[in-house]
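Raw contents of protein26.csv, CSV, C-alpha atoms:
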```
chain,number,residue,atom,x,y,z
W,1,MET,CA,44.5,-144.8,44.2
W,2,ASN,CA,44.3,-141.1,44.7
W,3,GLU,CA,41.7,-139.7,47.1
W,4,PRO,CA,39.4,-137.0,45.6
W,5,SER,CA,40.4,-133.6,46.6
W,6,ALA,CA,38.2,-131.8,49.2
W,7,ALA,CA,36.0,-129.0,48.0
W,8,PRO,CA,37.4,-125.5,49.0
W,9,ALA,CA,35.8,-124.0,52.0
W,10,PRO,CA,33.3,-121.2,51.3
W,11,ALA,CA,34.7,-117.7,52.0
W,12,LYS,CA,33.8,-116.5,55.5
W,13,SER,CA,31.6,-113.5,55.6
W,14,PRO,CA,33.4,-110.5,57.2
W,15,GLY,CA,30.4,-109.9,59.5
W,16,LEU,CA,28.0,-107.1,59.9
W,17,ALA,CA,30.3,-104.8,61.8
W,18,ALA,CA,33.0,-105.1,59.2
W,19,GLU,CA,30.6,-104.5,56.3
W,20,PHE,CA,29.1,-101.5,58.1
W,21,LYS,CA,32.6,-100.0,58.7
W,22,ASP,CA,33.5,-100.5,55.0
W,23,ALA,CA,30.2,-99.2,53.6
W,24,VAL,CA,29.6,-96.2,55.9
W,25,THR,CA,32.6,-94.0,55.1
W,26,LEU,CA,33.1,-90.4,56.0
W,27,ARG,CA,32.6,-89.5,52.3
W,28,ALA,CA,29.3,-91.5,52.1
W,29,PHE,CA,28.1,-89.8,55.3
W,30,GLY,CA,29.0,-86.4,53.8
W,31,LEU,CA,27.0,-87.2,50.6
W,32,VAL,CA,23.9,-88.3,52.5
W,33,LEU,CA,24.1,-85.2,54.8
W,34,GLY,CA,24.5,-83.0,51.7
W,35,GLY,CA,21.4,-84.6,50.2
W,36,LEU,CA,19.4,-84.0,53.4
W,37,LEU,CA,20.5,-80.4,53.5
W,38,VAL,CA,19.5,-79.8,49.8
W,39,GLN,CA,16.1,-81.5,50.5
W,40,LEU,CA,15.4,-79.3,53.5
W,41,ALA,CA,16.6,-76.2,51.7
W,42,PHE,CA,14.2,-77.1,48.8
W,43,VAL,CA,11.2,-77.3,51.3
W,44,VAL,CA,12.2,-74.1,53.1
W,45,SER,CA,12.6,-72.2,49.9
W,46,TYR,CA,9.4,-73.2,48.2
W,47,VAL,CA,7.3,-73.0,51.3
W,48,GLY,CA,8.9,-69.7,52.3
W,49,ALA,CA,8.2,-68.2,48.9
W,50,PHE,CA,4.7,-69.5,48.3
W,51,HIS,CA,3.0,-70.1,51.7
W,52,SER,CA,1.5,-66.7,52.0
W,53,PRO,CA,1.7,-64.5,48.9
W,54,THR,CA,1.4,-60.9,49.9
W,55,PRO,CA,1.3,-57.9,47.5
W,56,HIS,CA,4.1,-55.4,48.1
W,57,ARG,CA,4.5,-52.2,46.0
W,58,ILE,CA,2.7,-53.4,42.9
W,59,PRO,CA,3.3,-50.7,40.3
W,60,VAL,CA,0.0,-48.9,39.4
W,61,ALA,CA,-0.5,-46.0,37.0
W,62,VAL,CA,-3.3,-43.6,37.9
W,63,ALA,CA,-5.0,-41.5,35.3
W,64,ALA,CA,-7.3,-38.8,36.7
W,65,PRO,CA,-7.9,-35.1,36.6
W,66,GLN,CA,-5.0,-33.4,38.4
W,67,GLN,CA,-6.8,-32.6,41.6
W,68,ALA,CA,-8.2,-36.1,41.9
W,69,ALA,CA,-5.0,-37.9,40.8
W,70,ALA,CA,-3.0,-36.6,43.7
W,71,LYS,CA,-5.7,-37.8,46.2
W,72,ILE,CA,-6.0,-41.2,44.6
W,73,VAL,CA,-2.3,-41.7,44.5
W,74,ALA,CA,-2.0,-40.8,48.1
W,75,GLN,CA,-4.8,-43.1,49.1
W,76,LEU,CA,-3.3,-46.1,47.3
W,77,ASN,CA,0.2,-45.5,48.7
W,78,ALA,CA,-1.2,-45.1,52.2
W,79,LEU,CA,-2.7,-48.6,52.3
W,80,ASP,CA,-1.5,-50.8,55.1
W,81,GLY,CA,1.5,-52.9,54.2
W,82,GLU,CA,2.2,-50.8,51.1
W,83,PRO,CA,0.6,-53.3,48.7
W,84,VAL,CA,0.9,-50.8,45.7
W,85,GLU,CA,3.2,-48.1,44.5
W,86,ALA,CA,0.9,-45.7,42.7
W,87,THR,CA,2.1,-42.9,40.3
W,88,ALA,CA,0.2,-40.4,38.3
W,89,ALA,CA,0.0,-40.7,34.6
W,90,PRO,CA,-0.8,-37.7,32.3
W,91,SER,CA,-3.6,-39.5,30.5
W,92,ALA,CA,-5.5,-42.7,30.1
W,93,ALA,CA,-3.5,-43.6,27.0
W,94,ALA,CA,-0.2,-43.1,28.9
W,95,ALA,CA,-1.4,-45.2,31.8
W,96,ARG,CA,-2.4,-48.0,29.4
W,97,SER,CA,1.0,-47.7,27.7
W,98,ARG,CA,2.8,-48.2,31.0
W,99,VAL,CA,1.0,-51.5,31.5
W,100,LEU,CA,1.9,-52.7,28.0
W,101,THR,CA,5.6,-51.6,28.3
W,102,ARG,CA,5.8,-53.3,31.8
W,103,GLU,CA,6.4,-50.1,33.7
W,104,ALA,CA,3.2,-50.9,35.7
W,105,ASP,CA,1.2,-54.0,36.4
W,106,ALA,CA,-2.1,-52.1,36.4
W,107,ALA,CA,-3.7,-48.8,35.4
W,108,PHE,CA,-6.4,-47.1,37.4
W,109,LEU,CA,-8.6,-44.9,35.1
W,110,PHE,CA,-10.8,-42.5,37.2
W,111,ASP,CA,-13.9,-41.1,35.6
W,112,ALA,CA,-14.8,-37.7,37.0
W,113,THR,CA,-18.1,-37.6,35.2
W,114,SER,CA,-19.6,-40.7,36.8
W,115,THR,CA,-19.2,-43.2,39.7
W,116,LYS,CA,-17.7,-45.9,37.5
W,117,ASP,CA,-14.0,-46.3,37.0
W,118,THR,CA,-11.8,-48.8,35.1
W,119,LEU,CA,-8.9,-50.9,36.1
W,120,LEU,CA,-6.6,-52.1,33.3
W,121,VAL,CA,-4.6,-55.3,33.9
W,122,ALA,CA,-2.4,-57.5,31.7
W,123,SER,CA,-2.8,-61.1,33.1
W,124,ALA,CA,-0.3,-62.4,30.6
W,125,GLY,CA,2.4,-60.7,32.7
W,126,GLY,CA,1.3,-62.6,35.8
W,127,PRO,CA,-2.3,-63.6,36.6
W,128,SER,CA,-1.7,-63.5,40.4
W,129,VAL,CA,-0.6,-59.8,40.3
W,130,SER,CA,-3.6,-58.9,38.1
W,131,GLN,CA,-6.0,-60.6,40.5
W,132,THR,CA,-4.4,-58.9,43.5
W,133,ALA,CA,-4.5,-55.5,41.9
W,134,THR,CA,-8.2,-56.0,41.2
W,135,LEU,CA,-8.9,-56.9,44.8
W,136,ILE,CA,-7.0,-53.9,46.1
W,137,ALA,CA,-8.9,-51.5,43.7
W,138,GLN,CA,-12.2,-53.0,44.7
W,139,LYS,CA,-11.5,-52.3,48.4
W,140,ILE,CA,-10.8,-48.6,47.5
W,141,GLU,CA,-13.9,-48.3,45.4
W,142,ALA,CA,-16.1,-50.0,48.1
W,143,ALA,CA,-14.9,-47.4,50.6
W,144,GLN,CA,-15.7,-44.6,48.2
W,145,LYS,CA,-19.0,-46.1,47.0
W,146,ARG,CA,-17.9,-46.3,43.4
W,147,GLN,CA,-18.0,-49.1,40.8
W,148,ILE,CA,-15.0,-50.6,39.0
W,149,THR,CA,-14.8,-52.4,35.7
W,150,VAL,CA,-11.8,-54.6,35.3
W,151,THR,CA,-10.4,-54.9,31.7
W,152,ASP,CA,-7.7,-57.3,30.8
W,153,ILE,CA,-5.8,-55.6,27.9
W,154,ARG,CA,-3.3,-58.4,27.4
W,155,ALA,CA,-4.5,-61.9,28.3
W,156,PRO,CA,-2.5,-65.1,27.7
W,157,HIS,CA,-3.1,-67.0,24.5
W,158,SER,CA,-5.8,-69.6,24.6
W,159,GLY,CA,-3.3,-72.4,24.6
W,160,ASP,CA,-1.3,-70.8,27.4
W,161,GLY,CA,-3.9,-71.4,30.2
W,162,ARG,CA,-3.1,-69.1,33.1
W,163,GLY,CA,0.1,-67.8,31.5
W,164,MET,CA,2.4,-70.5,33.0
W,165,THR,CA,3.9,-71.8,29.7
W,166,SER,CA,6.8,-69.4,29.8
W,167,PHE,CA,7.8,-70.6,33.2
W,168,TYR,CA,7.6,-74.3,32.4
W,169,LEU,CA,9.4,-73.8,29.1
W,170,VAL,CA,12.3,-72.0,30.8
W,171,LEU,CA,12.3,-74.5,33.7
W,172,GLY,CA,12.8,-77.3,31.1
W,173,TRP,CA,15.6,-75.4,29.4
W,174,VAL,CA,17.4,-74.6,32.7
W,175,ILE,CA,17.2,-78.2,33.9
W,176,GLY,CA,18.3,-79.6,30.5
W,177,GLY,CA,21.3,-77.3,30.5
W,178,TYR,CA,22.8,-78.1,33.9
W,179,LEU,CA,21.8,-81.8,33.7
W,180,THR,CA,23.6,-82.2,30.4
W,181,ALA,CA,26.7,-80.5,31.7
W,182,THR,CA,26.6,-82.8,34.8
W,183,ILE,CA,26.2,-85.9,32.7
W,184,MET,CA,29.2,-84.9,30.6
W,185,GLY,CA,31.2,-84.4,33.7
W,186,MET,CA,30.2,-87.7,35.2
W,187,SER,CA,31.1,-89.6,32.0
W,188,ALA,CA,34.8,-88.7,32.4
W,189,GLY,CA,35.2,-87.4,35.9
W,190,SER,CA,33.7,-84.2,37.4
W,191,ARG,CA,36.8,-82.2,36.6
W,192,PRO,CA,38.0,-81.9,33.0
W,193,ALA,CA,41.7,-82.8,32.7
W,194,ASN,CA,42.7,-79.7,30.6
W,195,ARG,CA,41.6,-76.6,28.8
W,196,HIS,CA,41.3,-78.5,25.5
W,197,ARG,CA,38.7,-80.9,27.0
W,198,THR,CA,36.9,-77.9,28.5
W,199,LEU,CA,36.8,-76.2,25.1
W,200,ILE,CA,35.4,-79.4,23.5
W,201,ARG,CA,32.7,-79.6,26.2
W,202,LEU,CA,31.8,-76.0,25.7
W,203,ALA,CA,31.5,-76.5,22.0
W,204,VAL,CA,29.2,-79.5,22.5
W,205,LEU,CA,27.1,-77.5,25.0
W,206,VAL,CA,26.7,-74.6,22.5
W,207,LEU,CA,25.4,-77.1,19.9
W,208,TYR,CA,23.1,-78.7,22.5
W,209,ALA,CA,21.8,-75.3,23.6
W,210,ALA,CA,20.9,-74.4,20.0
W,211,VAL,CA,19.1,-77.7,19.5
W,212,SER,CA,17.3,-77.3,22.8
W,213,GLY,CA,16.2,-73.8,22.0
W,214,ILE,CA,14.7,-74.8,18.6
W,215,ALA,CA,13.0,-77.9,20.1
W,216,GLY,CA,11.5,-75.9,22.9
W,217,ALA,CA,10.1,-73.3,20.4
W,218,VAL,CA,8.6,-76.2,18.4
W,219,ILE,CA,6.9,-77.6,21.4
W,220,VAL,CA,5.2,-74.4,22.6
W,221,GLY,CA,4.6,-73.2,19.1
W,222,PRO,CA,3.5,-75.6,16.3
W,223,VAL,CA,2.9,-78.6,18.7
W,224,PHE,CA,0.7,-77.0,21.4
W,225,ASP,CA,0.1,-73.5,20.0
W,226,ALA,CA,0.8,-72.1,23.5
W,227,LEU,CA,3.3,-69.4,22.5
W,228,GLY,CA,3.0,-69.3,18.8
W,229,GLY,CA,4.2,-66.6,16.4
W,230,HIS,CA,7.7,-66.1,17.9
W,231,PHE,CA,9.5,-69.2,16.8
W,232,TRP,CA,13.0,-67.8,16.0
W,233,ALA,CA,12.9,-65.4,19.0
W,234,LEU,CA,12.1,-68.2,21.3
W,235,SER,CA,14.7,-70.4,19.7
W,236,ALA,CA,17.3,-67.7,20.4
W,237,ILE,CA,16.1,-67.2,23.9
W,238,GLY,CA,16.2,-70.9,24.6
W,239,THR,CA,19.7,-71.2,23.3
W,240,LEU,CA,20.8,-68.4,25.6
W,241,VAL,CA,19.0,-69.9,28.7
W,242,VAL,CA,20.4,-73.4,28.1
W,243,LEU,CA,23.9,-72.1,27.6
W,244,ALA,CA,23.7,-69.9,30.7
W,245,SER,CA,22.7,-72.9,32.8
W,246,ALA,CA,25.1,-75.4,31.2
W,247,ALA,CA,28.1,-73.1,31.2
W,248,THR,CA,27.6,-72.2,34.8
W,249,ALA,CA,27.2,-75.8,35.8
W,250,LEU,CA,30.3,-76.8,33.9
W,251,ALA,CA,32.3,-74.0,35.6
W,252,LEU,CA,31.2,-74.9,39.1
W,253,GLN,CA,31.7,-78.6,38.6
W,254,THR,CA,35.2,-77.9,37.2
W,255,LEU,CA,36.0,-75.7,40.0
W,256,LEU,CA,34.5,-77.6,43.0
W,257,GLY,CA,33.8,-81.1,41.7
W,258,LEU,CA,30.8,-82.8,43.2
W,259,LEU,CA,30.2,-79.8,45.5
W,260,GLY,CA,29.7,-77.7,42.4
W,261,THR,CA,26.8,-79.9,41.3
W,262,GLY,CA,25.1,-79.3,44.7
W,263,LEU,CA,25.7,-75.6,44.3
W,264,VAL,CA,24.1,-75.6,40.8
W,265,ILE,CA,21.0,-77.3,42.2
W,266,LEU,CA,20.9,-74.8,45.1
W,267,LEU,CA,21.0,-71.8,42.8
W,268,PHE,CA,18.8,-72.9,39.9
W,269,VAL,CA,16.3,-75.2,41.5
W,270,VAL,CA,16.1,-74.5,45.3
W,271,LEU,CA,16.4,-70.7,44.9
W,272,GLY,CA,15.9,-70.0,41.2
W,273,ASN,CA,12.5,-71.6,40.6
W,274,PRO,CA,10.4,-70.2,43.4
W,275,SER,CA,11.8,-66.7,42.9
W,276,SER,CA,11.5,-66.7,39.1
W,277,GLY,CA,8.0,-65.1,39.0
W,278,GLY,CA,6.6,-68.0,37.2
W,279,VAL,CA,4.0,-68.9,39.8
W,280,TYR,CA,3.9,-65.7,41.8
W,281,PRO,CA,5.5,-62.6,40.3
W,282,ALA,CA,8.0,-60.5,42.3
W,283,PRO,CA,5.4,-58.1,43.9
W,284,LEU,CA,3.7,-61.1,45.7
W,285,LEU,CA,6.9,-62.8,46.9
W,286,PRO,CA,8.7,-62.2,50.3
W,287,GLY,CA,11.6,-59.7,50.1
W,288,PHE,CA,14.4,-62.2,49.8
W,289,TRP,CA,12.9,-64.2,46.9
W,290,SER,CA,11.7,-61.0,45.2
W,291,ALA,CA,15.2,-59.5,45.4
W,292,ILE,CA,17.1,-62.5,43.9
W,293,GLY,CA,14.6,-63.7,41.3
W,294,GLN,CA,15.7,-61.7,38.3
W,295,ALA,CA,19.3,-62.2,39.1
W,296,LEU,CA,19.1,-66.0,38.4
W,297,PRO,CA,18.5,-67.7,35.0
W,298,PRO,CA,15.0,-69.1,35.8
W,299,GLY,CA,13.7,-65.6,36.6
W,300,ALA,CA,15.5,-63.8,33.8
W,301,GLY,CA,14.5,-66.4,31.3
W,302,THR,CA,10.8,-66.4,32.3
W,303,THR,CA,10.7,-62.6,32.1
W,304,LEU,CA,12.4,-62.6,28.7
W,305,VAL,CA,10.0,-65.2,27.2
W,306,ARG,CA,6.9,-63.5,28.6
W,307,ASN,CA,7.8,-60.0,27.6
W,308,THR,CA,8.9,-61.1,24.2
W,309,VAL,CA,5.8,-63.0,23.4
W,310,TYR,CA,3.2,-60.7,25.0
W,311,PHE,CA,4.7,-57.2,25.4
W,312,SER,CA,6.8,-56.7,22.2
W,313,GLY,CA,10.1,-57.2,23.9
W,314,HIS,CA,9.7,-54.4,26.4
W,315,ALA,CA,11.7,-54.5,29.7
W,316,THR,CA,13.9,-57.4,28.5
W,317,THR,CA,17.4,-55.7,28.5
W,318,ALA,CA,18.2,-56.6,32.1
W,319,ALA,CA,17.2,-60.2,31.6
W,320,LEU,CA,19.4,-60.4,28.5
W,321,TRP,CA,22.4,-59.1,30.4
W,322,VAL,CA,21.8,-61.5,33.3
W,323,LEU,CA,21.7,-64.6,31.0
W,324,GLY,CA,24.6,-63.3,28.9
W,325,ALA,CA,26.7,-62.9,32.0
W,326,TYR,CA,26.0,-66.4,33.2
W,327,ALA,CA,26.8,-67.9,29.8
W,328,ALA,CA,30.0,-65.9,29.2
W,329,GLY,CA,31.1,-65.9,32.8
W,330,GLY,CA,30.5,-69.6,33.1
W,331,ALA,CA,32.6,-70.3,30.0
W,332,LEU,CA,35.5,-68.1,31.2
W,333,LEU,CA,35.4,-69.6,34.8
W,334,ALA,CA,35.4,-73.1,33.4
W,335,LEU,CA,38.5,-72.4,31.3
W,336,ALA,CA,40.2,-70.7,34.2
W,337,ALA,CA,39.3,-73.6,36.6
W,338,SER,CA,40.6,-76.2,34.1
W,339,TRP,CA,43.8,-74.2,33.7
W,340,ARG,CA,44.2,-74.3,37.5
W,341,ASN,CA,43.6,-78.0,37.6
W,342,GLU,CA,46.1,-78.5,34.7
W,343,ARG,CA,48.8,-76.7,36.7
W,344,ARG,CA,48.0,-78.6,39.9
W,345,THR,CA,48.4,-81.9,38.0
W,346,ALA,CA,51.6,-80.8,36.2
W,347,ALA,CA,53.3,-79.6,39.4
W,348,PRO,CA,53.8,-83.0,41.1
W,349,ALA,CA,54.8,-84.6,37.8
W,350,ALA,CA,57.5,-82.0,37.3
W,351,ALA,CA,58.7,-82.3,40.8
W,352,GLN,CA,59.0,-86.1,40.5
W,353,ALA,CA,60.8,-85.8,37.2
W,354,GLY,CA,63.3,-83.4,38.7
```
Output the structure of this file as structure tokens.
Amino acid sequence: MNEPSAAPAPAKSPGLAAEFKDAVTLRAFGLVLGGLLVQLAFVVSYVGAFHSPTPHRIPVAVAAPQQAAAKIVAQLNALDGEPVEATAAPSAAAARSRVLTREADAAFLFDATSTKDTLLVASAGGPSVSQTATLIAQKIEAAQKRQITVTDIRAPHSGDGRGMTSFYLVLGWVIGGYLTATIMGMSAGSRPANRHRTLIRLAVLVLYAAVSGIAGAVIVGPVFDALGGHFWALSAIGTLVVLASAATALALQTLLGLLGTGLVILLFVVLGNPSSGGVYPAPLLPGFWSAIGQALPPGAGTTLVRNTVYFSGHATTAALWVLGAYAAGGALLALAASWRNERRTAAPAAAQAG
């Protein structure tokens, strides 16, 4: 009679030390360290940009009789810390026009026949700047024992609250663009195998950008009535913003792999969002953030949306060039990087065949 076979012995655990050695690789350590650095950079960038908003060279147009204008301009420009950059305007109408064409953030109208003056602001272009300009003007008037009336000649729409919708809309477009490009890369490796695959991804991203632009315009227009009346303009802007973000992300990920994803987050989120002018416009930001803001898609996109909706498209040329450069440059760099990867892959195969 055969004896029943003994049950197999359970596999022996490799032990904590062996598991630790297998789990904590140099690559894993590098990824965790990279995450920590991005986290710290995020905190430093946002706190550095927002912890103490200070006005610096806010453009102010001064309308006054010739003799008084020179004196007022000199007084404003002599304020400690250079909070404003005042220039004389030939008339009150010209000063008002400068505010509406975004050549100035405020206009100071001096009344030589009384002790009451007027400050024109456009809070739709950035409520924080308008509030700061008002405080500065009030200090000047208090010293001269004059009264000031603040007039907001271009306020945000009733559904736009404090004028932040433009920023949040562009933020969603930028995040959607680079996130979609990243997901496409992760689905088949972070580096496309060849130029044909890169062309396919770019074509998909163009379609995605167009859908995103229209969807965003629907949300801020018909749905919430926050930025109504500019549906097709906002759809086109959204398409350009998403494509600029997505193409740049695709290029950096094709060129650098996982490191490219980190660089995209650094540029668009860590640096781009706080410097965009969405929360505090450039004149209230520290020098570094003020300097880079309009050179990145979040800042260029926010300016483009605001000035299109509220200021008849004035002062948008630079923003269009910036976004166009990211979109076209990203596409060309992605193709060049995929061609380089293609050659690198083909070289060993050719050498082995030879």
*State, in Å with one decimal place, the distance from CA of Leu332 in chain W to CA of Thr248 in chain W.*
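The value is 9.6 Å.
Omitting range 199-209 of chain W and its sequence neighbours fewer than 4 positions away, and counting only C-alpha atoms, the residues within 8 Å are Gly177, Thr180, Ala181, Met184, Arg195, Gly213, Gly238, Thr239, Leu240, Val241, Val242, Leu243, Ala246, Ala247, Ala331 and Leu335 of chain W.
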So which residues touch range 72-80 of chain W within 12 Å, counting only C-alpha atoms, skipping near sequence neighbours fewer than 4 positions away, as an mmCIF file with C-alpha atoms, keeping the file's coordinate frame?
```cif
data_model
loop_
_atom_site.group_PDB
_atom_site.id
_atom_site.type_symbol
_atom_site.label_atom_id
_atom_site.label_comp_id
_atom_site.auth_asym_id
_atom_site.auth_seq_id
_atom_site.Cartn_x
_atom_site.Cartn_y
_atom_site.Cartn_z
ATOM 1 C CA THR W 54 1.400 -60.900 49.900
ATOM 2 C CA PRO W 55 1.300 -57.900 47.500
ATOM 3 C CA HIS W 56 4.100 -55.400 48.100
ATOM 4 C CA ARG W 57 4.500 -52.200 46.000
ATOM 5 C CA ILE W 58 2.700 -53.400 42.900
ATOM 6 C CA PRO W 59 3.300 -50.700 40.300
ATOM 7 C CA VAL W 60 0.000 -48.900 39.400
ATOM 8 C CA ALA W 61 -0.500 -46.000 37.000
ATOM 9 C CA VAL W 62 -3.300 -43.600 37.900
ATOM 10 C CA ALA W 63 -5.000 -41.500 35.300
ATOM 11 C CA ALA W 64 -7.300 -38.800 36.700
ATOM 12 C CA PRO W 65 -7.900 -35.100 36.600
ATOM 13 C CA GLN W 66 -5.000 -33.400 38.400
ATOM 14 C CA GLN W 67 -6.800 -32.600 41.600
ATOM 15 C CA ALA W 68 -8.200 -36.100 41.900
ATOM 16 C CA VAL W 84 0.900 -50.800 45.700
ATOM 17 C CA GLU W 85 3.200 -48.100 44.500
ATOM 18 C CA ALA W 86 0.900 -45.700 42.700
ATOM 19 C CA THR W 87 2.100 -42.900 40.300
ATOM 20 C CA ALA W 88 0.200 -40.400 38.300
ATOM 21 C CA ALA W 89 0.000 -40.700 34.600
ATOM 22 C CA ALA W 107 -3.700 -48.800 35.400
ATOM 23 C CA PHE W 108 -6.400 -47.100 37.400
ATOM 24 C CA LEU W 109 -8.600 -44.900 35.100
ATOM 25 C CA PHE W 110 -10.800 -42.500 37.200
ATOM 26 C CA ASP W 111 -13.900 -41.100 35.600
ATOM 27 C CA ALA W 133 -4.500 -55.500 41.900
ATOM 28 C CA ILE W 136 -7.000 -53.900 46.100
ATOM 29 C CA ALA W 137 -8.900 -51.500 43.700
ATOM 30 C CA GLN W 138 -12.200 -53.000 44.700
ATOM 31 C CA LYS W 139 -11.500 -52.300 48.400
ATOM 32 C CA ILE W 140 -10.800 -48.600 47.500
ATOM 33 C CA GLU W 141 -13.900 -48.300 45.400
ATOM 34 C CA ALA W 143 -14.900 -47.400 50.600
ATOM 35 C CA GLN W 144 -15.700 -44.600 48.200
#
```
*asked:* Would you compute the distance between CA of Ala106 in chain W and CA of Gly293 in chain W? Give it in Å to one decimal.
replied: 20.9 Å
_Near-range 150-154 of chain W list (7 Å; all atoms listed in the file; drop same-chain fewer than 2 positions) as a list in words_ =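 Residues meeting the cut-off are Thr118, Leu119, Leu120, Val121, Ala122, Ser123, Ala124, Ile148 and Pro156 of chain W.
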*Mind checking which residues fall within 7 Å of Leu171 in chain W, counting only C-alpha atoms, ignoring those fewer than 4 positions away in the same chain, and posting them as number ranges by chain?*
W: 167, 175, 298
*Distance CA of Ser338 in chain W-CA of Gly324 in chain W, one decimal place?*
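It comes out at 21.2 Å.
Each of W:Gly277, W:Gly257, W:Gly262, W:Gly330 was compared to Leu33 in chain W using only C-alpha atoms, and W:Gly262 turns out to be the nearest.
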_For a quick check of understanding, using all atoms listed in the file, which of W:Ala95, W:Ala315, W:Leu255, W:Val174 has the smallest distance to Leu267 in chain W?_
W:Val174
*Can you tell me, as a PyMOL selection string, what residues are no more than 12 Å from range 157-166 of chain W when counting all atoms listed in the file, ignoring any on the same chain fewer than 5 positions away?*
chain W and resi 122-131+171-173+216-217+219-229+234+237-238+276-281+298-310
Report, as JSON, the centre and edge lengths in Å (one decimal) of the axis-aligned box enclosing every listed atom of range 231-239 of chain W, padded by 6 Å on each side.
```
{"center_x": 14.6, "center_y": -68.3, "center_z": 20.3, "size_x": 22.2, "size_y": 17.8, "size_z": 20.6}
```
Could you give me range 78-92 of chain W completed to N, CA and C atoms, formatted as a PDB file, in the frame of the given file?
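Contents of rebuild39.pdb, freshly written:
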```pdb
ATOM      1  N   ALA W  78      -1.027 -45.094  50.765  1.00  0.00           N
ATOM      2  CA  ALA W  78      -1.200 -45.100  52.200  1.00  0.00           C
ATOM      3  C   ALA W  78      -1.825 -46.393  52.735  1.00  0.00           C
ATOM      4  N   LEU W  79      -2.139 -47.321  51.848  1.00  0.00           N
ATOM      5  CA  LEU W  79      -2.700 -48.600  52.300  1.00  0.00           C
ATOM      6  C   LEU W  79      -1.777 -49.335  53.196  1.00  0.00           C
ATOM      7  N   ASP W  80      -2.319 -50.020  54.196  1.00  0.00           N
ATOM      8  CA  ASP W  80      -1.500 -50.800  55.100  1.00  0.00           C
ATOM      9  C   ASP W  80      -0.666 -51.834  54.418  1.00  0.00           C
ATOM     10  N   GLY W  81       0.614 -51.905  54.772  1.00  0.00           N
ATOM     11  CA  GLY W  81       1.500 -52.900  54.200  1.00  0.00           C
ATOM     12  C   GLY W  81       2.068 -52.509  52.834  1.00  0.00           C
ATOM     13  N   GLU W  82       1.749 -51.312  52.357  1.00  0.00           N
ATOM     14  CA  GLU W  82       2.200 -50.800  51.100  1.00  0.00           C
ATOM     15  C   GLU W  82       2.040 -51.844  49.946  1.00  0.00           C
ATOM     16  N   PRO W  83       0.803 -52.280  49.713  1.00  0.00           N
ATOM     17  CA  PRO W  83       0.600 -53.300  48.700  1.00  0.00           C
ATOM     18  C   PRO W  83       0.792 -52.729  47.250  1.00  0.00           C
ATOM     19  N   VAL W  84       0.662 -51.404  47.057  1.00  0.00           N
ATOM     20  CA  VAL W  84       0.900 -50.800  45.700  1.00  0.00           C
ATOM     21  C   VAL W  84       1.806 -49.646  45.789  1.00  0.00           C
ATOM     22  N   GLU W  85       2.367 -49.352  44.642  1.00  0.00           N
ATOM     23  CA  GLU W  85       3.200 -48.100  44.500  1.00  0.00           C
ATOM     24  C   GLU W  85       2.561 -47.371  43.317  1.00  0.00           C
ATOM     25  N   ALA W  86       1.699 -46.428  43.659  1.00  0.00           N
ATOM     26  CA  ALA W  86       0.900 -45.700  42.700  1.00  0.00           C
ATOM     27  C   ALA W  86       1.686 -44.450  42.205  1.00  0.00           C
ATOM     28  N   THR W  87       1.593 -44.171  40.918  1.00  0.00           N
ATOM     29  CA  THR W  87       2.100 -42.900  40.300  1.00  0.00           C
ATOM     30  C   THR W  87       1.139 -42.381  39.357  1.00  0.00           C
ATOM     31  N   ALA W  88       1.105 -41.075  39.247  1.00  0.00           N
ATOM     32  CA  ALA W  88       0.200 -40.400  38.300  1.00  0.00           C
ATOM     33  C   ALA W  88       0.640 -40.512  36.907  1.00  0.00           C
ATOM     34  N   ALA W  89      -0.289 -40.747  36.000  1.00  0.00           N
ATOM     35  CA  ALA W  89       0.000 -40.700  34.600  1.00  0.00           C
ATOM     36  C   ALA W  89      -0.723 -39.551  33.933  1.00  0.00           C
ATOM     37  N   PRO W  90      -0.154 -38.923  32.909  1.00  0.00           N
ATOM     38  CA  PRO W  90      -0.800 -37.700  32.300  1.00  0.00           C
ATOM     39  C   PRO W  90      -2.077 -37.959  31.616  1.00  0.00           C
ATOM     40  N   SER W  91      -2.334 -39.198  31.205  1.00  0.00           N
ATOM     41  CA  SER W  91      -3.600 -39.500  30.500  1.00  0.00           C
ATOM     42  C   SER W  91      -3.887 -40.962  30.575  1.00  0.00           C
ATOM     43  N   ALA W  92      -5.090 -41.324  30.149  1.00  0.00           N
ATOM     44  CA  ALA W  92      -5.500 -42.700  30.100  1.00  0.00           C
ATOM     45  C   ALA W  92      -4.614 -43.520  29.161  1.00  0.00           C
TER      46      ALA W  92
END
```
